[in-house]
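Printed here is coords-v3.cif (mmCIF, C-alpha atoms; chains and numbers go by the auth columns):
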data_protein
loop_
_atom_site.group_PDB
_atom_site.id
_atom_site.type_symbol
_atom_site.label_atom_id
_atom_site.label_comp_id
_atom_site.label_asym_id
_atom_site.label_seq_id
_atom_site.Cartn_x
_atom_site.Cartn_y
_atom_site.Cartn_z
_atom_site.B_iso_or_equiv
_atom_site.auth_seq_id
_atom_site.auth_asym_id
ATOM 1 C CA MET A 1 0.000 0.000 0.000 0.00 440 A
ATOM 2 C CA SER A 2 1.535 3.278 -1.111 0.00 441 A
ATOM 3 C CA SER A 3 -0.237 5.582 1.377 0.00 442 A
ATOM 4 C CA TYR A 4 -0.090 5.616 5.174 0.00 443 A
ATOM 5 C CA GLN A 5 -3.132 5.762 7.449 0.00 444 A
ATOM 6 C CA PHE A 6 -3.014 7.225 10.941 0.00 445 A
ATOM 7 C CA PHE A 7 -5.352 8.932 13.403 0.00 446 A
ATOM 8 C CA LEU A 8 -5.326 12.408 14.890 0.00 447 A
ATOM 9 C CA SER A 9 -7.827 13.332 17.624 0.00 448 A
ATOM 10 C CA GLY A 10 -9.897 10.346 16.544 0.00 449 A
ATOM 11 C CA GLU A 11 -10.058 11.368 12.878 0.00 450 A
ATOM 12 C CA ARG A 12 -8.688 9.117 10.136 0.00 451 A
ATOM 13 C CA LEU A 13 -5.965 10.733 7.991 0.00 452 A
ATOM 14 C CA ILE A 14 -4.119 9.229 5.048 0.00 453 A
ATOM 15 C CA ALA A 15 -0.714 10.582 4.037 0.00 454 A
ATOM 16 C CA LEU A 16 -0.299 10.288 0.269 0.00 455 A
ATOM 17 C CA PRO A 17 2.959 9.740 -1.641 0.00 456 A
ATOM 18 C CA SER A 18 2.423 13.100 -3.372 0.00 457 A
ATOM 19 C CA GLY A 19 2.643 14.958 -0.051 0.00 458 A
ATOM 20 C CA ALA A 20 -1.087 15.686 0.104 0.00 459 A
ATOM 21 C CA LEU A 21 -3.309 14.515 2.949 0.00 460 A
ATOM 22 C CA TRP A 22 -6.610 12.694 2.372 0.00 461 A
ATOM 23 C CA LEU A 23 -9.367 12.796 4.998 0.00 462 A
ATOM 24 C CA PRO A 24 -11.753 10.108 3.727 0.00 463 A
ATOM 25 C CA ASP A 25 -14.462 10.518 6.374 0.00 464 A
ATOM 26 C CA ILE A 26 -14.611 14.258 5.712 0.00 465 A
ATOM 27 C CA GLY A 27 -14.079 14.037 1.961 0.00 466 A
ATOM 28 C CA ALA A 28 -11.257 16.559 1.998 0.00 467 A
ATOM 29 C CA VAL A 29 -7.796 16.801 0.431 0.00 468 A
ATOM 30 C CA VAL A 30 -5.235 19.044 2.139 0.00 469 A
ATOM 31 C CA ALA A 31 -2.145 20.398 0.368 0.00 470 A
ATOM 32 C CA SER A 32 0.334 22.810 1.901 0.00 471 A
ATOM 33 C CA ASP A 33 2.884 25.285 0.573 0.00 472 A
ATOM 34 C CA LEU A 34 2.219 25.187 -3.169 0.00 473 A
ATOM 35 C CA HIS A 35 4.376 28.316 -3.611 0.00 474 A
ATOM 36 C CA LEU A 36 2.887 29.016 -7.022 0.00 475 A
ATOM 37 C CA GLY A 37 4.834 31.615 -8.972 0.00 476 A
ATOM 38 C CA LYS A 38 8.153 31.070 -7.231 0.00 477 A
ATOM 39 C CA ALA A 39 10.249 31.260 -10.410 0.00 478 A
ATOM 40 C CA ASN A 40 8.583 34.566 -11.271 0.00 479 A
ATOM 41 C CA ARG A 41 9.239 35.926 -7.778 0.00 480 A
ATOM 42 C CA ILE A 42 12.927 34.985 -7.974 0.00 481 A
ATOM 43 C CA ALA A 43 13.253 36.723 -11.336 0.00 482 A
ATOM 44 C CA ARG A 44 11.370 39.790 -10.109 0.00 483 A
ATOM 45 C CA ARG A 45 13.206 40.216 -6.806 0.00 484 A
ATOM 46 C CA GLU A 46 16.628 38.707 -7.435 0.00 485 A
ATOM 47 C CA GLY A 47 17.128 39.014 -11.184 0.00 486 A
ATOM 48 C CA ARG A 48 17.856 35.273 -11.502 0.00 487 A
ATOM 49 C CA LEU A 49 16.070 33.468 -14.298 0.00 488 A
ATOM 50 C CA THR A 50 14.878 29.927 -13.650 0.00 489 A
ATOM 51 C CA PRO A 51 12.668 27.788 -15.898 0.00 490 A
ATOM 52 C CA PRO A 52 9.099 29.057 -15.291 0.00 491 A
ATOM 53 C CA TYR A 53 7.472 25.643 -15.316 0.00 492 A
ATOM 54 C CA GLU A 54 7.064 24.897 -11.620 0.00 493 A
ATOM 55 C CA THR A 55 3.615 26.461 -11.286 0.00 494 A
ATOM 56 C CA MET A 56 1.990 24.301 -13.948 0.00 495 A
ATOM 57 C CA GLU A 57 3.846 21.209 -12.733 0.00 496 A
ATOM 58 C CA THR A 58 2.562 21.777 -9.199 0.00 497 A
ATOM 59 C CA LEU A 59 -0.981 22.310 -10.480 0.00 498 A
ATOM 60 C CA THR A 60 -0.752 19.148 -12.582 0.00 499 A
ATOM 61 C CA ARG A 61 0.335 17.144 -9.536 0.00 500 A
ATOM 62 C CA LEU A 62 -2.572 18.544 -7.555 0.00 501 A
ATOM 63 C CA SER A 63 -4.953 17.786 -10.420 0.00 502 A
ATOM 64 C CA ASP A 64 -3.833 14.152 -10.366 0.00 503 A
ATOM 65 C CA VAL A 65 -4.603 13.889 -6.643 0.00 504 A
ATOM 66 C CA LEU A 66 -8.042 15.456 -7.025 0.00 505 A
ATOM 67 C CA ALA A 67 -8.888 13.235 -9.995 0.00 506 A
ATOM 68 C CA GLU A 68 -8.064 10.124 -7.965 0.00 507 A
ATOM 69 C CA TYR A 69 -9.798 11.034 -4.693 0.00 508 A
ATOM 70 C CA ARG A 70 -12.587 13.357 -5.913 0.00 509 A
ATOM 71 C CA PRO A 71 -12.800 15.380 -2.701 0.00 510 A
ATOM 72 C CA LYS A 72 -15.763 17.563 -1.812 0.00 511 A
ATOM 73 C CA THR A 73 -13.404 20.015 -0.105 0.00 512 A
ATOM 74 C CA VAL A 74 -9.837 21.148 -0.780 0.00 513 A
ATOM 75 C CA ILE A 75 -7.840 22.975 1.885 0.00 514 A
ATOM 76 C CA CYS A 76 -4.724 24.814 0.729 0.00 515 A
ATOM 77 C CA LEU A 77 -2.787 25.235 3.931 0.00 516 A
ATOM 78 C CA GLY A 78 -1.014 28.542 3.328 0.00 517 A
ATOM 79 C CA ASP A 79 1.801 29.842 1.129 0.00 518 A
ATOM 80 C CA SER A 80 -0.242 28.818 -1.880 0.00 519 A
ATOM 81 C CA PHE A 81 1.430 31.695 -3.722 0.00 520 A
ATOM 82 C CA ASP A 82 5.054 32.574 -3.293 0.00 521 A
ATOM 83 C CA ASP A 83 4.357 36.205 -2.445 0.00 522 A
ATOM 84 C CA GLY A 84 1.584 38.763 -2.580 0.00 523 A
ATOM 85 C CA TYR A 85 2.253 39.585 -6.245 0.00 524 A
ATOM 86 C CA ALA A 86 2.656 36.052 -7.585 0.00 525 A
ATOM 87 C CA GLU A 87 -1.005 35.489 -8.378 0.00 526 A
ATOM 88 C CA SER A 88 -1.175 38.655 -10.484 0.00 527 A
ATOM 89 C CA GLN A 89 1.731 37.304 -12.572 0.00 528 A
ATOM 90 C CA LEU A 90 0.084 33.986 -13.433 0.00 529 A
ATOM 91 C CA THR A 91 -0.384 33.156 -17.101 0.00 530 A
ATOM 92 C CA TYR A 92 -3.780 32.605 -18.672 0.00 531 A
ATOM 93 C CA ASP A 93 -3.197 28.837 -18.723 0.00 532 A
ATOM 94 C CA GLU A 94 -2.193 28.798 -15.055 0.00 533 A
ATOM 95 C CA ARG A 95 -5.295 30.746 -14.080 0.00 534 A
ATOM 96 C CA ALA A 96 -7.466 28.426 -16.128 0.00 535 A
ATOM 97 C CA ALA A 97 -5.876 25.400 -14.439 0.00 536 A
ATOM 98 C CA ILE A 98 -6.611 26.777 -10.951 0.00 537 A
ATOM 99 C CA SER A 99 -10.204 27.581 -11.906 0.00 538 A
ATOM 100 C CA ALA A 100 -10.671 24.060 -13.267 0.00 539 A
ATOM 101 C CA LEU A 101 -9.370 22.541 -10.037 0.00 540 A
ATOM 102 C CA MET A 102 -11.756 24.665 -7.966 0.00 541 A
ATOM 103 C CA ALA A 103 -14.854 23.991 -10.044 0.00 542 A
ATOM 104 C CA GLY A 104 -17.612 22.045 -8.303 0.00 543 A
ATOM 105 C CA ARG A 105 -15.987 21.749 -4.880 0.00 544 A
ATOM 106 C CA ARG A 106 -15.527 23.754 -1.717 0.00 545 A
ATOM 107 C CA TRP A 107 -12.127 25.431 -1.744 0.00 546 A
ATOM 108 C CA ILE A 108 -10.479 26.912 1.337 0.00 547 A
ATOM 109 C CA TRP A 109 -7.402 29.130 1.111 0.00 548 A
ATOM 110 C CA ILE A 110 -5.616 29.363 4.475 0.00 549 A
ATOM 111 C CA ALA A 111 -3.406 32.451 4.803 0.00 550 A
ATOM 112 C CA GLY A 112 0.333 31.853 5.012 0.00 551 A
ATOM 113 C CA ASN A 113 3.297 34.056 5.806 0.00 552 A
ATOM 114 C CA HIS A 114 4.076 34.424 2.075 0.00 553 A
ATOM 115 C CA ASP A 115 0.502 35.149 1.000 0.00 554 A
ATOM 116 C CA PRO A 116 -1.412 36.731 3.896 0.00 555 A
ATOM 117 C CA ALA A 117 -3.784 38.719 1.691 0.00 556 A
ATOM 118 C CA PRO A 118 -6.935 37.193 0.156 0.00 557 A
ATOM 119 C CA THR A 119 -6.417 35.903 -3.367 0.00 558 A
ATOM 120 C CA GLU A 120 -8.371 37.106 -6.381 0.00 559 A
ATOM 121 C CA PHE A 121 -9.676 33.578 -6.903 0.00 560 A
ATOM 122 C CA GLY A 122 -12.955 32.419 -5.368 0.00 561 A
ATOM 123 C CA GLY A 123 -13.372 30.111 -2.407 0.00 562 A
ATOM 124 C CA ALA A 124 -13.100 30.907 1.286 0.00 563 A
ATOM 125 C CA HIS A 125 -10.123 32.925 2.559 0.00 564 A
ATOM 126 C CA LEU A 126 -9.417 32.159 6.209 0.00 565 A
ATOM 127 C CA GLY A 127 -6.715 32.560 8.829 0.00 566 A
ATOM 128 C CA GLU A 128 -7.475 29.053 10.071 0.00 567 A
ATOM 129 C CA HIS A 129 -10.268 26.519 9.752 0.00 568 A
ATOM 130 C CA LYS A 130 -11.801 24.004 12.152 0.00 569 A
ATOM 131 C CA ILE A 131 -13.523 20.746 11.199 0.00 570 A
ATOM 132 C CA GLY A 132 -14.681 18.728 14.192 0.00 571 A
ATOM 133 C CA PRO A 133 -11.660 18.141 16.461 0.00 572 A
ATOM 134 C CA LEU A 134 -9.164 19.219 13.782 0.00 573 A
ATOM 135 C CA ILE A 135 -7.741 22.713 13.313 0.00 574 A
ATOM 136 C CA PHE A 136 -6.053 23.696 10.049 0.00 575 A
ATOM 137 C CA ARG A 137 -3.553 26.566 10.072 0.00 576 A
ATOM 138 C CA HIS A 138 -0.311 27.473 8.336 0.00 577 A
ATOM 139 C CA ILE A 139 2.135 27.653 11.260 0.00 578 A
ATOM 140 C CA ALA A 140 1.980 25.239 14.189 0.00 579 A
ATOM 141 C CA GLU A 141 1.161 26.561 17.664 0.00 580 A
ATOM 142 C CA THR A 142 2.909 24.886 20.581 0.00 581 A
ATOM 143 C CA ASP A 143 -0.160 24.158 22.715 0.00 582 A
ATOM 144 C CA ALA A 144 -2.403 22.958 19.888 0.00 583 A
ATOM 145 C CA VAL A 145 -4.072 19.533 19.748 0.00 584 A
ATOM 146 C CA GLY A 146 -5.553 18.047 16.594 0.00 585 A
ATOM 147 C CA GLU A 147 -3.577 20.517 14.494 0.00 586 A
ATOM 148 C CA VAL A 148 -2.732 20.180 10.805 0.00 587 A
ATOM 149 C CA SER A 149 -0.129 22.722 9.669 0.00 588 A
ATOM 150 C CA GLY A 150 2.609 23.343 7.111 0.00 589 A
ATOM 151 C CA HIS A 151 5.205 26.127 6.764 0.00 590 A
ATOM 152 C CA TYR A 152 8.397 24.236 7.655 0.00 591 A
ATOM 153 C CA HIS A 153 8.671 21.971 4.575 0.00 592 A
ATOM 154 C CA PRO A 154 10.154 19.031 6.565 0.00 593 A
ATOM 155 C CA LYS A 155 12.578 16.771 4.700 0.00 594 A
ATOM 156 C CA VAL A 156 14.923 13.892 5.423 0.00 595 A
ATOM 157 C CA ARG A 157 18.105 12.901 3.657 0.00 596 A
ATOM 158 C CA MET A 158 17.560 9.426 2.260 0.00 597 A
ATOM 159 C CA ARG A 159 18.362 8.708 -1.383 0.00 598 A
ATOM 160 C CA GLY A 160 18.356 12.443 -1.850 0.00 599 A
ATOM 161 C CA ARG A 161 16.225 14.801 0.190 0.00 600 A
ATOM 162 C CA ARG A 162 12.710 13.450 0.636 0.00 601 A
ATOM 163 C CA PRO A 163 9.814 15.644 1.746 0.00 602 A
ATOM 164 C CA CYS A 164 7.954 14.138 4.682 0.00 603 A
ATOM 165 C CA PHE A 165 5.065 14.548 7.062 0.00 604 A
ATOM 166 C CA LEU A 166 5.875 14.814 10.756 0.00 605 A
ATOM 167 C CA ALA A 167 3.162 13.359 12.961 0.00 606 A
ATOM 168 C CA ASP A 168 2.595 12.586 16.623 0.00 607 A
ATOM 169 C CA SER A 169 -0.480 12.229 18.835 0.00 608 A
ATOM 170 C CA ARG A 170 -1.194 15.985 18.809 0.00 609 A
ATOM 171 C CA ARG A 171 -0.422 17.245 15.331 0.00 610 A
ATOM 172 C CA VAL A 172 0.786 16.662 11.815 0.00 611 A
ATOM 173 C CA ILE A 173 3.154 19.022 10.016 0.00 612 A
ATOM 174 C CA MET A 174 2.838 18.643 6.257 0.00 613 A
ATOM 175 C CA PRO A 175 5.529 18.711 3.573 0.00 614 A
ATOM 176 C CA ALA A 176 5.524 21.359 0.879 0.00 615 A
ATOM 177 C CA PHE A 177 3.462 20.238 -2.109 0.00 616 A
ATOM 178 C CA GLY A 178 5.119 22.684 -4.520 0.00 617 A
ATOM 179 C CA VAL A 179 7.753 21.166 -6.772 0.00 618 A
ATOM 180 C CA TYR A 180 10.223 24.041 -6.365 0.00 619 A
ATOM 181 C CA THR A 181 10.606 24.356 -2.608 0.00 620 A
ATOM 182 C CA GLY A 182 13.415 23.904 -0.131 0.00 621 A
ATOM 183 C CA GLY A 183 13.000 22.241 3.221 0.00 622 A
ATOM 184 C CA LEU A 184 13.982 22.040 6.858 0.00 623 A
ATOM 185 C CA LYS A 185 15.639 18.845 8.064 0.00 624 A
ATOM 186 C CA VAL A 186 13.484 16.874 10.499 0.00 625 A
ATOM 187 C CA SER A 187 16.261 16.979 13.083 0.00 626 A
ATOM 188 C CA ASP A 188 16.060 20.776 13.296 0.00 627 A
ATOM 189 C CA PRO A 189 15.535 21.963 16.900 0.00 628 A
ATOM 190 C CA VAL A 190 12.448 23.959 15.872 0.00 629 A
ATOM 191 C CA PHE A 191 10.551 20.658 15.843 0.00 630 A
ATOM 192 C CA ASP A 192 11.640 19.713 19.368 0.00 631 A
ATOM 193 C CA ASP A 193 9.103 22.058 20.961 0.00 632 A
ATOM 194 C CA LEU A 194 6.321 20.950 18.622 0.00 633 A
ATOM 195 C CA LEU A 195 6.624 17.168 18.545 0.00 634 A
ATOM 196 C CA GLY A 196 6.740 14.418 21.139 0.00 635 A
ATOM 197 C CA SER A 197 9.351 11.700 21.361 0.00 636 A
ATOM 198 C CA ASP A 198 6.950 9.341 19.552 0.00 637 A
ATOM 199 C CA ALA A 199 6.828 11.490 16.398 0.00 638 A
ATOM 200 C CA LEU A 200 7.041 9.764 13.032 0.00 639 A
ATOM 201 C CA ALA A 201 8.569 11.015 9.820 0.00 640 A
ATOM 202 C CA LEU A 202 6.336 9.839 6.968 0.00 641 A
ATOM 203 C CA MET A 203 8.579 10.046 3.936 0.00 642 A
ATOM 204 C CA THR A 204 7.003 10.665 0.535 0.00 643 A
ATOM 205 C CA GLY A 205 8.048 9.239 -2.816 0.00 644 A
ATOM 206 C CA ARG A 206 6.727 6.195 -4.641 0.00 645 A
ATOM 207 C CA SER A 207 5.149 5.186 -1.354 0.00 646 A
ATOM 208 C CA VAL A 208 4.917 6.683 2.119 0.00 647 A
ATOM 209 C CA MET A 209 7.566 5.171 4.373 0.00 648 A
ATOM 210 C CA PRO A 210 7.251 5.737 8.151 0.00 649 A
ATOM 211 C CA ALA A 211 10.236 5.988 10.473 0.00 650 A
ATOM 212 C CA PRO A 212 10.674 7.404 13.995 0.00 651 A
ATOM 213 C CA ARG A 213 11.838 11.004 13.868 0.00 652 A
ATOM 214 C CA LYS A 214 14.379 10.176 16.581 0.00 653 A
ATOM 215 C CA ALA A 215 16.118 7.870 14.086 0.00 654 A
ATOM 216 C CA PHE A 216 17.271 11.015 12.253 0.00 655 A
ATOM 217 C CA LEU A 217 18.597 12.827 15.300 0.00 656 A
ATOM 218 C CA ASP A 218 22.257 12.887 16.257 0.00 657 A
ATOM 219 C CA ALA A 219 24.530 15.068 18.319 0.00 658 A
ATOM 220 C CA ASN A 220 25.361 17.340 15.400 0.00 659 A
ATOM 221 C CA ARG A 221 21.890 17.527 13.856 0.00 660 A
ATOM 222 C CA THR A 222 23.397 16.746 10.487 0.00 661 A
ATOM 223 C CA VAL A 223 20.578 14.709 8.896 0.00 662 A
#

structure tokens encoding of this file:
Amino acid sequence: MSSYQFFLSGERLIALPSGALWLPDIGAVVASDLHLGKANRIARREGRLTPPYETMETLTRLSDVLAEYRPKTVICLGDSFDDGYAESQLTYDERAAISALMAGRRWIWIAGNHDPAPTEFGGAHLGEHKIGPLIFRHIAETDAVGEVSGHYHPKVRMRGRRPCFLADSRRVIMPAFGVYTGGLKVSDPVFDDLLGSDALALMTGRSVMPAPRKAFLDANRTV
């Protein structure tokens, strides 16, 4: 089985190899940190030209997930756009692709630190969103329970750098879904205050592979 099922506050969650999260009992797909328009932002702010294909590739990956699971609701968990100007720089085809993904389903844009302002696309624009015992927000809060968040782009070094979910009994921190994103190693001390000693790293790829987060910790935090 390529996905990985676990429970958070009594709700069933399924981590997908793509880095999205499927909530089958709610009928929702969650994707975090799309960072659409990143190549454009780099060119605009830094003068470095990179191939401007990452936006459509990210949208295609998301389209594949939605076609397979057919969710009633999609929650984009913040930093959907790489900055406040990125959406205005989208091409016609990119805009059409986003509109096609949104058609016929409830779409929730959670504000992130890169894109705090409401987007010009439809859907709901929220700081955070609660469904039953679960709370969806961009950046984890230390005291939260039942929290689904993003922001940190966790990764492990195993056959390259693999994006991963970090999950324990209180929360799950999602990987970045965008194809052109960096990441923070799972051994970083920022996670120590957010995760318990039982936390798992759920590594994405062809299949989701679970491993204890503590397996990636060492004295020098080099993993």

- Tell me which protein, DNA and RNA residues are within 10 Å of Pro555 of chain A, counting only C-alpha atoms, leaving out same-chain ones fewer than 4 positions away, and put them as a list of chain:residue names.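 Listing them by chain and then by number gives A:Gly517, A:Asp518, A:Ser519, A:Phe520, A:Asp522, A:Gly523, A:Ile549, A:Ala550, A:Gly551, A:His564, A:Leu565, A:Gly566.
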
- Query: Of the candidates A:Leu605, A:Met495, A:Ile570, A:Ala579, which shows the shortest atom-to-atom distance to Asp532 of chain A, using only C-alpha atoms?
  - Reply: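 Of all the options, A:Met495 lies closest to Asp532 of chain A.
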
- Top pick for closest residue to Thr497 of chain A, considering A:Pro602, A:Gly571, A:Pro593, A:Gly617 and counting only C-alpha atoms: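 That would be A:Gly617, the residue with the smallest distance to Thr497 of chain A.
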
- Message: Please enumerate the residues selected by the PyMOL selection byres ((chain A and resi 502-516) around 8) when evaluated against the supplied file, formatted as a PyMOL selection string.
- Response: chain A and resi 457+459+461+466-473+498-501+517-519+540+544-551+575-577+588-589

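These residues, each with an atom at most 12 Å from (12.1, 3.6, 7.7) using only C-alpha atoms, are A:Val595, A:Arg596, A:Met597, A:Cys603, A:Leu639, A:Ala640, A:Leu641, A:Met642, A:Thr643, A:Ser646, A:Val647, A:Met648, A:Pro649, A:Ala650, A:Pro651, A:Arg652, A:Lys653, A:Ala654, A:Phe655.
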
- Query: What does the distance between atom CA of Arg610 of chain A and atom CA of Ser441 of chain A come to in Å, to one decimal place?
  - Reply: 21.7 Å

- Query: What lies within 9 Å of segment 447-453 of chain A using only C-alpha atoms, ignoring chain neighbours under 3 positions off, as an MDAnalysis selection string?
  - Reply: chainID A and resid 442:444 459:465 571:573 584:586 606:611

- Note on the structure: Across A:Asp632, A:Glu559, A:Asp627, A:Asp554, the smallest distance to Ala583 of chain A, with only C-alpha atoms counted, is shown by A:Asp632

- Query: So how many Å separate atom CA of Pro456 of chain A and atom CA of Val618 of chain A, to one decimal?
  - Reply: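 Distance reported for this atom pair: 13.4 Å.
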
- Item | Between atom CA of Leu475 of chain A and atom CA of Ala563 of chain A, distance in Å (one decimal) |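 We find that atom CA of Leu475 of chain A and atom CA of Ala563 of chain A lie 18.1 Å from each other.
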
- Rank A:Thr581, A:Glu526, A:Arg601, A:Val587 by their smallest atom-to-atom distance to Lys569 of chain A, using only C-alpha atoms, and report the top residue only.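 Using only C-alpha atoms, Lys569 of chain A sits closest to A:Val587.
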
- Item | Shortest interatomic distance to Glu493 of chain A - which of A:Lys594, A:Val629, A:Thr620, A:Ser538, counting all atoms listed in the file |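 Closest residue, counting all atoms listed in the file: A:Thr620.
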
Enclose all atoms of segment 525-537 of chain A listed in the file in an axis-aligned box, grow every side by 3 Å, and hand back centre and edge lengths in Å to one decimal, as JSON.
{"center_x": -2.4, "center_y": 32.0, "center_z": -13.2, "size_x": 16.1, "size_y": 19.3, "size_z": 17.1}

- Among the residues A:His553, A:Phe445, A:Gly543, A:Gly458, the one that comes closest to Gly476 of chain A [using only C-alpha atoms]: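 For Gly476 of chain A, the nearest of the given residues is A:His553.
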